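Here's work_35.txt, which has compact mmCIF, C-alpha atoms:
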# COMPACT_ATOMS: atom_id res chain seq x y z
CA MET A 23 -30.94 5.98 -4.62
CA ASN A 24 -30.43 9.66 -5.23
CA HIS A 25 -31.60 11.33 -8.41
CA LYS A 26 -28.96 13.98 -8.77
CA VAL A 27 -27.82 14.69 -12.29
CA TYR A 28 -24.08 14.35 -12.45
CA ASN A 29 -22.12 16.81 -14.49
CA ASN A 30 -19.01 15.02 -15.56
CA ARG A 31 -17.37 18.08 -17.06
CA ALA A 32 -15.63 18.68 -13.73
CA TRP A 33 -13.36 15.77 -14.63
CA TRP A 34 -11.51 18.11 -16.98
CA LEU A 35 -10.16 19.83 -13.87
CA ILE A 36 -7.97 16.85 -13.11
CA LEU A 37 -6.34 17.02 -16.54
CA PRO A 38 -3.24 18.96 -15.37
CA MET A 39 -2.76 16.48 -12.56
CA LEU A 40 -3.19 13.59 -14.96
CA LEU A 41 -0.51 15.01 -17.25
CA LEU A 42 1.83 15.42 -14.30
CA VAL A 43 1.20 11.86 -13.12
CA ALA A 44 1.65 10.59 -16.66
CA PHE A 45 5.03 12.27 -16.78
CA SER A 46 6.18 11.21 -13.33
CA ALA A 47 4.57 7.82 -12.91
CA ILE A 48 2.73 6.30 -15.85
CA ILE A 49 5.41 6.72 -18.51
CA PRO A 50 8.20 5.49 -16.21
CA LEU A 51 6.01 2.53 -15.24
CA MET A 52 5.47 1.70 -18.91
CA THR A 53 9.24 1.77 -19.33
CA VAL A 54 9.60 -0.62 -16.42
CA VAL A 55 7.15 -2.97 -18.13
CA ASN A 56 9.21 -2.75 -21.30
CA TYR A 57 12.39 -3.52 -19.40
CA SER A 58 10.80 -6.50 -17.67
CA VAL A 59 10.51 -8.51 -20.90
CA GLN A 60 13.98 -7.78 -22.25
CA ASP A 61 17.65 -8.03 -21.48
CA VAL A 62 18.74 -4.46 -22.12
CA PHE A 63 22.39 -3.55 -22.47
CA ASP A 64 21.72 -0.23 -24.16
CA THR A 65 18.88 1.08 -26.31
CA HIS A 66 20.29 -0.64 -29.41
CA THR A 67 21.60 -3.85 -27.88
CA ARG A 68 18.68 -5.61 -26.29
CA PHE A 69 17.16 -9.05 -26.42
CA PHE A 70 13.58 -10.09 -25.97
CA THR A 71 13.31 -12.57 -23.12
CA GLY A 72 9.55 -12.89 -22.74
CA VAL A 73 8.45 -13.94 -19.29
CA GLU A 74 11.80 -15.41 -18.26
CA TRP A 75 12.48 -12.73 -15.63
CA PHE A 76 9.06 -13.15 -14.11
CA GLU A 77 9.50 -16.89 -13.89
CA ALA A 78 12.89 -16.48 -12.22
CA THR A 79 11.67 -13.81 -9.80
CA LEU A 80 8.58 -15.72 -8.72
CA ASN A 81 10.63 -18.84 -8.05
CA ASP A 82 13.54 -17.16 -6.27
CA PRO A 83 13.49 -18.47 -2.67
CA ALA A 84 15.32 -15.40 -1.35
CA LEU A 85 12.67 -13.10 -2.80
CA GLN A 86 9.84 -15.31 -1.58
CA MET A 87 11.25 -15.11 1.92
CA ALA A 88 11.67 -11.35 1.61
CA LEU A 89 8.00 -11.10 0.62
CA LEU A 90 6.88 -13.17 3.61
CA ARG A 91 9.04 -11.08 5.95
CA GLN A 92 7.60 -7.95 4.39
CA PHE A 93 4.03 -9.05 5.07
CA ALA A 94 4.93 -10.14 8.59
CA PHE A 95 6.54 -6.78 9.22
CA SER A 96 3.70 -4.69 7.76
CA PHE A 97 0.97 -6.53 9.61
CA THR A 98 2.89 -6.50 12.88
CA VAL A 99 3.46 -2.74 12.80
CA LEU A 100 -0.15 -2.12 11.75
CA ALA A 101 -1.43 -4.32 14.56
CA ILE A 102 0.62 -2.35 17.07
CA GLU A 103 0.42 1.16 15.65
CA VAL A 104 -3.30 1.41 14.98
CA PRO A 105 -4.58 0.50 18.48
CA LEU A 106 -1.71 2.38 20.10
CA GLY A 107 -2.35 5.46 17.96
CA ILE A 108 -6.05 5.45 18.81
CA GLY A 109 -5.17 5.09 22.49
CA ILE A 110 -2.73 7.98 22.40
CA ALA A 111 -5.24 10.15 20.54
CA LEU A 112 -7.87 9.44 23.21
CA LEU A 113 -5.45 10.41 25.96
CA MET A 114 -4.26 13.64 24.35
CA PRO A 115 -5.54 16.79 26.06
CA LYS A 116 -8.29 18.49 24.10
CA ARG A 117 -7.83 22.19 24.80
CA GLY A 118 -5.55 24.78 26.29
CA TRP A 119 -1.78 25.06 26.03
CA GLN A 120 -1.41 21.42 27.00
CA ALA A 121 -3.11 20.41 23.75
CA SER A 122 -0.61 22.37 21.64
CA ALA A 123 2.35 21.18 23.69
CA VAL A 124 1.35 17.52 23.42
CA LEU A 125 0.63 17.88 19.71
CA ILE A 126 4.14 19.18 19.11
CA LEU A 127 5.71 16.48 21.24
CA VAL A 128 3.76 13.75 19.50
CA THR A 129 4.59 15.10 16.04
CA MET A 130 8.32 15.22 16.70
CA PRO A 131 9.27 11.70 15.52
CA LEU A 132 7.40 12.26 12.25
CA LEU A 133 9.70 15.13 11.34
CA ILE A 134 12.84 13.03 11.45
CA PRO A 135 14.03 11.70 8.09
CA TRP A 136 14.15 7.94 7.63
CA ASN A 137 17.89 7.49 7.47
CA VAL A 138 18.37 9.72 10.51
CA VAL A 139 15.88 7.54 12.41
CA GLY A 140 17.96 4.56 11.37
CA SER A 141 21.16 6.22 12.60
CA ILE A 142 19.59 7.30 15.88
CA TRP A 143 18.47 3.77 16.60
CA GLN A 144 21.72 2.31 15.38
CA ILE A 145 23.56 4.30 18.06
CA PHE A 146 20.79 3.84 20.62
CA THR A 147 21.04 0.05 20.36
CA ARG A 148 24.82 -0.24 20.45
CA GLY A 149 26.09 -2.24 23.38
CA ASP A 150 28.99 0.06 24.20
CA ILE A 151 27.64 3.60 23.83
CA GLY A 152 23.91 3.20 23.16
CA LEU A 153 21.58 3.70 26.08
CA MET A 154 19.20 0.92 25.17
CA GLY A 155 21.86 -1.58 24.12
CA TRP A 156 23.98 -0.84 27.15
CA GLY A 157 21.00 -0.79 29.51
CA LEU A 158 19.62 -4.13 28.34
CA ARG A 159 23.05 -5.68 28.56
CA GLU A 160 23.54 -4.38 32.09
CA LEU A 161 20.18 -5.86 32.99
CA GLY A 162 21.56 -9.22 31.97
CA TYR A 163 19.98 -9.67 28.54
CA GLY A 164 22.49 -10.45 25.81
CA TYR A 165 21.01 -7.92 23.40
CA ASN A 166 22.74 -7.78 20.04
CA ILE A 167 21.03 -6.78 16.81
CA THR A 168 23.94 -7.86 14.65
CA ARG A 169 23.81 -11.44 15.95
CA SER A 170 20.26 -12.22 16.99
CA ALA A 171 17.49 -12.08 14.41
CA THR A 172 14.90 -11.75 17.18
CA ASP A 173 16.63 -8.68 18.58
CA ALA A 174 16.94 -7.16 15.12
CA TRP A 175 13.25 -7.76 14.39
CA GLY A 176 12.12 -6.43 17.73
CA THR A 177 14.23 -3.32 17.31
CA ILE A 178 13.03 -2.59 13.78
CA ILE A 179 9.42 -2.96 14.86
CA LEU A 180 10.01 -0.79 17.91
CA MET A 181 11.69 1.80 15.72
CA ASP A 182 8.83 1.85 13.24
CA VAL A 183 6.29 2.08 16.05
CA TRP A 184 8.20 4.98 17.55
CA HIS A 185 8.49 6.73 14.20
CA TRP A 186 4.98 6.25 12.81
CA THR A 187 2.49 5.73 15.63
CA PRO A 188 2.29 9.55 15.91
CA LEU A 189 0.84 9.67 12.39
CA ILE A 190 -2.06 7.43 13.41
CA ALA A 191 -2.39 9.36 16.68
CA LEU A 192 -2.55 12.71 14.88
CA LEU A 193 -5.07 11.48 12.32
CA CYS A 194 -7.24 10.02 15.08
CA TYR A 195 -6.88 13.16 17.14
CA SER A 196 -8.19 15.27 14.28
CA GLY A 197 -10.98 12.74 13.76
CA LEU A 198 -11.93 12.91 17.44
CA ARG A 199 -11.89 16.73 17.37
CA SER A 200 -14.45 16.73 14.56
CA ILE A 201 -17.10 14.88 16.60
CA PRO A 202 -19.77 17.40 17.61
CA ASP A 203 -20.32 17.83 21.34
CA ALA A 204 -23.96 16.90 20.93
CA TYR A 205 -22.97 13.25 20.58
CA TYR A 206 -21.19 13.29 23.91
CA GLN A 207 -24.09 15.13 25.56
CA ALA A 208 -26.49 12.52 24.28
CA ALA A 209 -24.21 9.82 25.60
CA ARG A 210 -24.10 11.50 29.01
CA ILE A 211 -27.87 11.71 29.11
CA ASP A 212 -28.03 8.02 28.32
CA ARG A 213 -25.40 7.38 30.97
CA ALA A 214 -23.34 5.56 28.40
CA SER A 215 -20.19 3.97 29.73
CA GLN A 216 -16.84 5.16 28.46
CA TRP A 217 -16.49 1.96 26.49
CA ALA A 218 -19.90 2.51 24.87
CA VAL A 219 -18.92 6.08 23.95
CA PHE A 220 -15.74 4.75 22.36
CA ARG A 221 -17.40 1.83 20.63
CA TYR A 222 -20.51 3.55 19.27
CA ILE A 223 -19.47 7.19 18.87
CA GLN A 224 -15.75 7.63 18.61
CA LEU A 225 -14.71 4.52 16.71
CA PRO A 226 -17.36 4.86 13.97
CA LYS A 227 -16.44 8.51 13.53
CA LEU A 228 -12.79 7.53 13.25
CA THR A 229 -13.36 5.11 10.37
CA ASN A 230 -12.52 7.68 7.71
CA VAL A 231 -9.23 8.77 9.19
CA LEU A 232 -8.35 5.19 10.06
CA VAL A 233 -8.80 4.17 6.42
CA ILE A 234 -6.29 6.80 5.44
CA GLY A 235 -4.03 5.92 8.35
CA VAL A 236 -4.03 2.20 7.67
CA LEU A 237 -3.49 2.73 3.94
CA LEU A 238 -0.62 5.16 4.46
CA ARG A 239 0.99 3.01 7.09
CA PHE A 240 0.61 -0.13 5.03
CA MET A 241 2.17 1.45 1.97
CA HIS A 242 4.94 3.09 3.97
CA SER A 243 5.81 -0.07 5.86
CA PHE A 244 5.54 -2.21 2.76
CA MET A 245 8.10 0.00 1.04
CA ILE A 246 10.32 0.49 4.09
CA TYR A 247 13.92 0.85 3.07
CA ALA A 248 16.21 3.35 4.74
CA GLU A 249 15.51 2.51 8.37
CA PRO A 250 16.36 -1.22 8.38
CA PHE A 251 19.10 -0.56 5.85
CA VAL A 252 20.86 1.81 8.23
CA LEU A 253 20.00 -0.08 11.41
CA THR A 254 20.76 -3.69 10.47
CA GLY A 255 21.76 -3.63 6.80
CA GLY A 256 19.22 -6.41 6.29
CA GLY A 257 21.02 -8.72 8.70
CA PRO A 258 21.82 -10.76 10.63
CA GLY A 259 22.05 -12.97 7.55
CA SER A 260 19.01 -11.88 5.60
CA SER A 261 16.59 -11.95 8.51
CA THR A 262 15.56 -8.29 8.10
CA THR A 263 16.02 -7.94 4.34
CA PHE A 264 12.72 -6.61 3.10
CA LEU A 265 11.47 -6.31 -0.46
CA SER A 266 12.75 -2.84 -1.30
CA GLN A 267 16.20 -3.71 -0.10
CA SER A 268 16.29 -6.86 -2.22
CA LEU A 269 15.12 -4.74 -5.13
CA THR A 270 17.81 -2.11 -4.61
CA THR A 271 20.51 -4.74 -4.37
CA MET A 272 19.29 -6.21 -7.63
CA ALA A 273 18.74 -3.01 -9.57
CA ILE A 274 21.61 -0.84 -8.37
CA GLY A 275 24.04 -3.28 -6.80
CA GLN A 276 23.98 -5.83 -9.58
CA GLN A 277 22.51 -3.74 -12.43
CA ASP A 278 20.09 -6.56 -13.23
CA LEU A 279 17.56 -4.22 -14.81
CA GLY A 280 15.38 -6.90 -16.41
CA PRO A 281 14.81 -9.04 -13.31
CA SER A 282 14.40 -6.00 -11.10
CA ALA A 283 11.81 -4.57 -13.50
CA ALA A 284 9.88 -7.84 -13.28
CA PHE A 285 10.27 -7.74 -9.51
CA SER A 286 9.02 -4.13 -9.40
CA ILE A 287 5.90 -5.04 -11.33
CA ILE A 288 5.10 -7.91 -8.99
CA TYR A 289 5.77 -5.61 -6.01
CA PHE A 290 3.47 -3.00 -7.54
CA LEU A 291 0.71 -5.54 -8.16
CA ILE A 292 0.84 -6.70 -4.55
CA ILE A 293 0.59 -3.15 -3.23
CA LEU A 294 -2.20 -2.37 -5.70
CA LEU A 295 -4.21 -5.41 -4.63
CA VAL A 296 -3.78 -4.91 -0.90
CA CYS A 297 -4.63 -1.20 -1.06
CA TRP A 298 -7.67 -1.88 -3.19
CA VAL A 299 -8.91 -4.58 -0.82
CA PHE A 300 -8.40 -2.33 2.21
CA TYR A 301 -10.10 0.60 0.55
CA THR A 302 -13.06 -1.36 -0.79
CA ALA A 303 -13.62 -3.26 2.43
CA ILE A 304 -13.69 -0.15 4.56
CA MET A 305 -15.70 1.94 2.11
CA ASN A 306 -18.32 -0.82 1.97
CA LEU A 307 -18.48 -1.05 5.74
CA GLN A 308 -19.34 2.62 5.71
CA LYS A 309 -21.94 2.26 3.01
CA ASP A 310 -23.65 -0.51 5.00
CA LYS A 311 -23.63 1.72 8.04
CA GLN A 312 -25.21 4.62 6.16
CA GLN A 313 -27.92 2.40 4.76
CA LYS A 314 -28.73 1.11 8.22
CA GLY A 315 -28.77 4.69 9.51
CA THR A 316 -31.36 5.92 7.01
CA MET B 24 10.75 7.34 -27.27
CA GLU B 25 13.82 5.22 -27.83
CA TRP B 26 14.80 5.32 -24.17
CA MET B 27 11.55 3.55 -23.35
CA VAL B 28 12.86 0.43 -25.14
CA TRP B 29 9.50 -0.57 -26.62
CA THR B 30 8.80 -4.08 -27.82
CA THR B 31 5.92 -5.20 -29.99
CA SER B 32 4.26 -7.22 -27.25
CA THR B 33 4.34 -4.45 -24.63
CA ALA B 34 3.13 -1.95 -27.25
CA ILE B 35 0.18 -4.21 -28.02
CA PHE B 36 -0.45 -4.61 -24.29
CA PHE B 37 -0.58 -0.87 -23.61
CA ALA B 38 -2.55 -0.17 -26.78
CA THR B 39 -5.13 -2.71 -25.58
CA ILE B 40 -5.35 -1.05 -22.17
CA ALA B 41 -5.71 2.38 -23.78
CA ALA B 42 -8.37 1.05 -26.15
CA LEU B 43 -10.22 -0.50 -23.20
CA LEU B 44 -10.17 2.81 -21.31
CA LEU B 45 -11.34 4.76 -24.35
CA GLY B 46 -14.02 2.17 -25.05
CA MET B 47 -15.23 2.31 -21.46
CA THR B 48 -15.40 6.11 -21.66
CA ALA B 49 -17.43 5.97 -24.86
CA TRP B 50 -19.73 3.33 -23.36
CA GLU B 51 -20.15 5.45 -20.22
CA ILE B 52 -21.12 8.49 -22.30
CA ALA B 53 -23.49 6.44 -24.42
CA SER B 54 -25.15 4.73 -21.45
CA PRO B 55 -24.00 5.64 -17.93
CA THR B 56 -23.24 2.72 -15.63
CA VAL B 57 -25.55 1.73 -12.81
CA GLU B 58 -24.03 0.34 -9.64
CA ARG B 59 -25.35 -3.15 -9.10
CA LYS B 60 -24.67 -6.33 -7.19
CA GLY B 61 -23.79 -9.51 -9.02
CA PHE B 62 -21.98 -12.57 -7.74
CA LEU B 63 -19.19 -10.42 -6.29
CA PRO B 64 -19.70 -9.68 -2.58
CA ILE B 65 -19.82 -5.90 -3.25
CA ALA B 66 -21.91 -3.65 -5.44
CA THR B 67 -19.83 -2.60 -8.42
CA THR B 68 -19.95 -0.30 -11.40
CA ARG B 69 -18.75 -1.29 -14.83
CA GLY B 70 -15.39 0.37 -14.22
CA ASP B 71 -14.96 -1.45 -10.90
CA ARG B 72 -15.54 -4.75 -12.63
CA LEU B 73 -13.07 -3.94 -15.39
CA PHE B 74 -10.47 -3.02 -12.78
CA ILE B 75 -11.09 -6.23 -10.82
CA GLY B 76 -10.89 -8.20 -14.05
CA LEU B 77 -7.58 -6.61 -15.04
CA VAL B 78 -6.02 -7.16 -11.62
CA CYS B 79 -7.23 -10.78 -11.72
CA ALA B 80 -5.73 -11.12 -15.19
CA ALA B 81 -2.37 -9.91 -13.87
CA TYR B 82 -2.42 -12.43 -11.04
CA ILE B 83 -3.59 -15.27 -13.28
CA HIS B 84 -0.66 -14.57 -15.59
CA LEU B 85 1.79 -14.43 -12.68
CA VAL B 86 0.56 -17.74 -11.28
CA VAL B 87 0.68 -19.45 -14.68
CA VAL B 88 4.14 -18.08 -15.48
CA GLY B 89 5.62 -18.75 -12.08
CA PHE B 90 4.10 -21.93 -10.80
CA THR B 91 2.58 -23.95 -13.62
CA PRO B 92 3.92 -25.51 -16.83
CA PHE B 93 0.98 -24.17 -18.86
CA ASN B 94 1.30 -21.94 -21.88
CA LEU B 95 0.91 -18.19 -21.48
CA TRP B 96 -1.85 -18.10 -24.10
CA LEU B 97 -3.93 -20.30 -21.82
CA ALA B 98 -3.54 -17.68 -19.08
CA LEU B 99 -4.66 -15.01 -21.52
CA ALA B 100 -7.68 -17.05 -22.59
CA VAL B 101 -8.68 -17.75 -18.98
CA SER B 102 -8.24 -14.07 -18.12
CA ILE B 103 -10.40 -12.88 -20.98
CA LEU B 104 -13.06 -15.44 -20.17
CA TRP B 105 -13.00 -14.38 -16.50
CA LEU B 106 -13.15 -10.71 -17.50
CA VAL B 107 -16.21 -11.35 -19.65
CA ILE B 108 -17.90 -13.31 -16.83
CA LEU B 109 -17.10 -10.51 -14.40
CA MET B 110 -18.37 -7.78 -16.68
CA ARG B 111 -21.60 -9.63 -17.38
CA TRP B 112 -22.50 -11.26 -14.05
CA GLY B 113 -20.06 -9.76 -11.51

If you convert what's in this file into structure tokens, what do you get?
Amino acid sequence: MNHKVYNNRAWWLILPMLLLVAFSAIIPLMTVVNYSVQDVFDTHTRFFTGVEWFEATLNDPALQMALLRQFAFSFTVLAIEVPLGIGIALLMPKRGWQASAVLILVTMPLLIPWNVVGSIWQIFTRGDIGLMGWGLRELGYGYNITRSATDAWGTIILMDVWHWTPLIALLCYSGLRSIPDAYYQAARIDRASQWAVFRYIQLPKLTNVLVIGVLLRFMHSFMIYAEPFVLTGGGPGSSTTFLSQSLTTMAIGQQDLGPSAAFSIIYFLIILLVCWVFYTAIMNLQKDKQQKGT
Amino acid sequence: MEWMVWTTSTAIFFATIAALLLGMTAWEIASPTVERKGFLPIATTRGDRLFIGLVCAAYIHLVVVGFTPFNLWLALAVSILWLVILMRWG
């Protein structure tokens, strides 16, 4: 235990931020909660419905399936992007003009807006003019994202991996850059294998950036909207309809504000729980490590 | 405020949360929390336990509303009981 005296007055410094967040997030969220227990036509004509919307939302098979698909999607992209990102970061050159060139190349996909990514891949996968669609078809595979759910899934995952692996790679790259040379020298003196260097030096030092990377990627992928919307429109059928798209259809397409408010709250609670679990788990791993170190 | 379409129950809900936060602040000033390990698998502070308790309460309510025929007050009672257990022994 440390015996520092904490001065909590520094907390006042976050007051402006708190006000901003209250204005942009907390007050709107409170409004969403208010909407979720009523049937609102306008501010004067509204009826209290209690938990009816929640009951309906939780028992809606379409939404349950969307939730399952959402989890499947998020965990699949995380499982691919994190190892791949680490691998790319390890392979990136460390100094000289090559380092800058590779950095720029790797960053490129990140700079493309979501709906543009969707459009690019929409064209890319077309059977008549798209290189990938045409190529796969010529190779004898009946590739069609508007008919086959497997193709649609594969393409969306590939698209997300293409778009967001660079984020993980960049974070890991910066994490790797911050490891002092002394560690590597010590490893060389010990004749540590490359695997041992990765396992006992690089990976532990990457934990911090990986926490951020995994959290960001989880939240991003859990809220994914524009890319599948442009690429597949949620189809074929509803095989790639994720949560945010169901929510948009409900809230904007059908103007069902009450049910979509209830849905939003459930969505929010899921994200809150998963992020908290991730964060706590990884922070505690680190704490254990520090205690063992001292 | 009218655009926020307040109802009595949500107002009570948010007032309770605000009161909890204020109460926790006062308690923290009066006697600062010590991180400790209870029956939860991680060491927690008072605030951590309150947060866990509130998230649990939300999920308990969702489960009761969505998948059981029980009354909502039962969910509330269970949540409060669980929150107290967490705060004391968690």

Got a sec to pull out which chain B residues are within 12 Å of chain A, counting all atoms listed in the file, and send them as an MDAnalysis selection string?
chainID B and resid 24:38 40 48 51:52 55 57:59 64:67 71 74:92 94:95

For Ile304 (chain A), list every protein, DNA or RNA residue within 8 Å, evaluated using all atoms listed in the file, and leave out those in the same chain fewer than 4 positions away; present the list as a VMD selection string.
chain A and resid 229 233 300 308

Enclosing box along x, y and z for every listed atom of region 43-48 of chain B, padded 8 Å each side, centre and size in Å, one decimal, as JSON:
{"center_x": -12.8, "center_y": 2.8, "center_z": -23.2, "size_x": 21.2, "size_y": 22.6, "size_z": 19.7}

Neighbours of point (9.2, -8.1, 0.1) within 6 Å, using all atoms listed in the file, written as a list in words
Ala88, Leu89, Gln92, Phe264 and Leu265 of chain A

Long-range neighbours of region 148-158 of chain A as a list in words, 12 Å cut-off, only C-alpha atoms, 2 positions minimum in chain:
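Those residues are Ser141, Ile142, Trp143, Gln144, Ile145, Phe146, Glu160, Leu161, Gly162, Tyr163, Gly164, Tyr165, Asn166, Ile167, Thr168, Asp173, Ala174, Thr177, Leu180, Leu253 and Thr254 of chain A.
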
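Candidate residues A:Phe97, A:Phe63, A:Tyr247, A:Tyr222 were compared for distance to Leu279 (chain A), and the nearest is A:Phe63, using only C-alpha atoms.
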
Report, in Å to a single decimal, how far apart CA of Leu228 (chain A) and CA of Lys309 (chain A) are.
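Atom-to-atom, CA of Lys309 (chain A) to CA of Leu228 (chain A), that is 14.7 Å.
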
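Between CA of Phe240 (chain A) and CA of Ala171 (chain A) there is a distance of 22.7 Å.
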
Local residues around (18.1, 1.4, 2.8), at most 12 Å away, using only C-alpha atoms, as a list in words
Trp136, Asn137, Val138, Val139, Gly140, Ser141, Met245, Ile246, Tyr247, Ala248, Glu249, Pro250, Phe251, Val252, Leu253, Thr254, Gly255, Gly256, Thr262, Thr263, Phe264, Leu265, Ser266, Gln267, Ser268, Leu269, Thr270, Thr271 and Ile274 of chain A

Go through B:Ala42, B:Ala53, B:Met47, B:Leu73 one by one, measure the shortest atom-to-atom distance of each to Leu109 (chain B) using only C-alpha atoms, and give the residue with the smallest value.
B:Leu73

Considering all atoms listed in the file, return as number ranges by chain whatever protein or nucleic-acid residues lie within 12 Å of Phe62 (chain B), sequence-local ones (same chain, fewer than 6 positions apart) excluded.
B: 72, 108-113

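CA of Gly176 (chain A) lies 20.2 Å from CA of Met241 (chain A).
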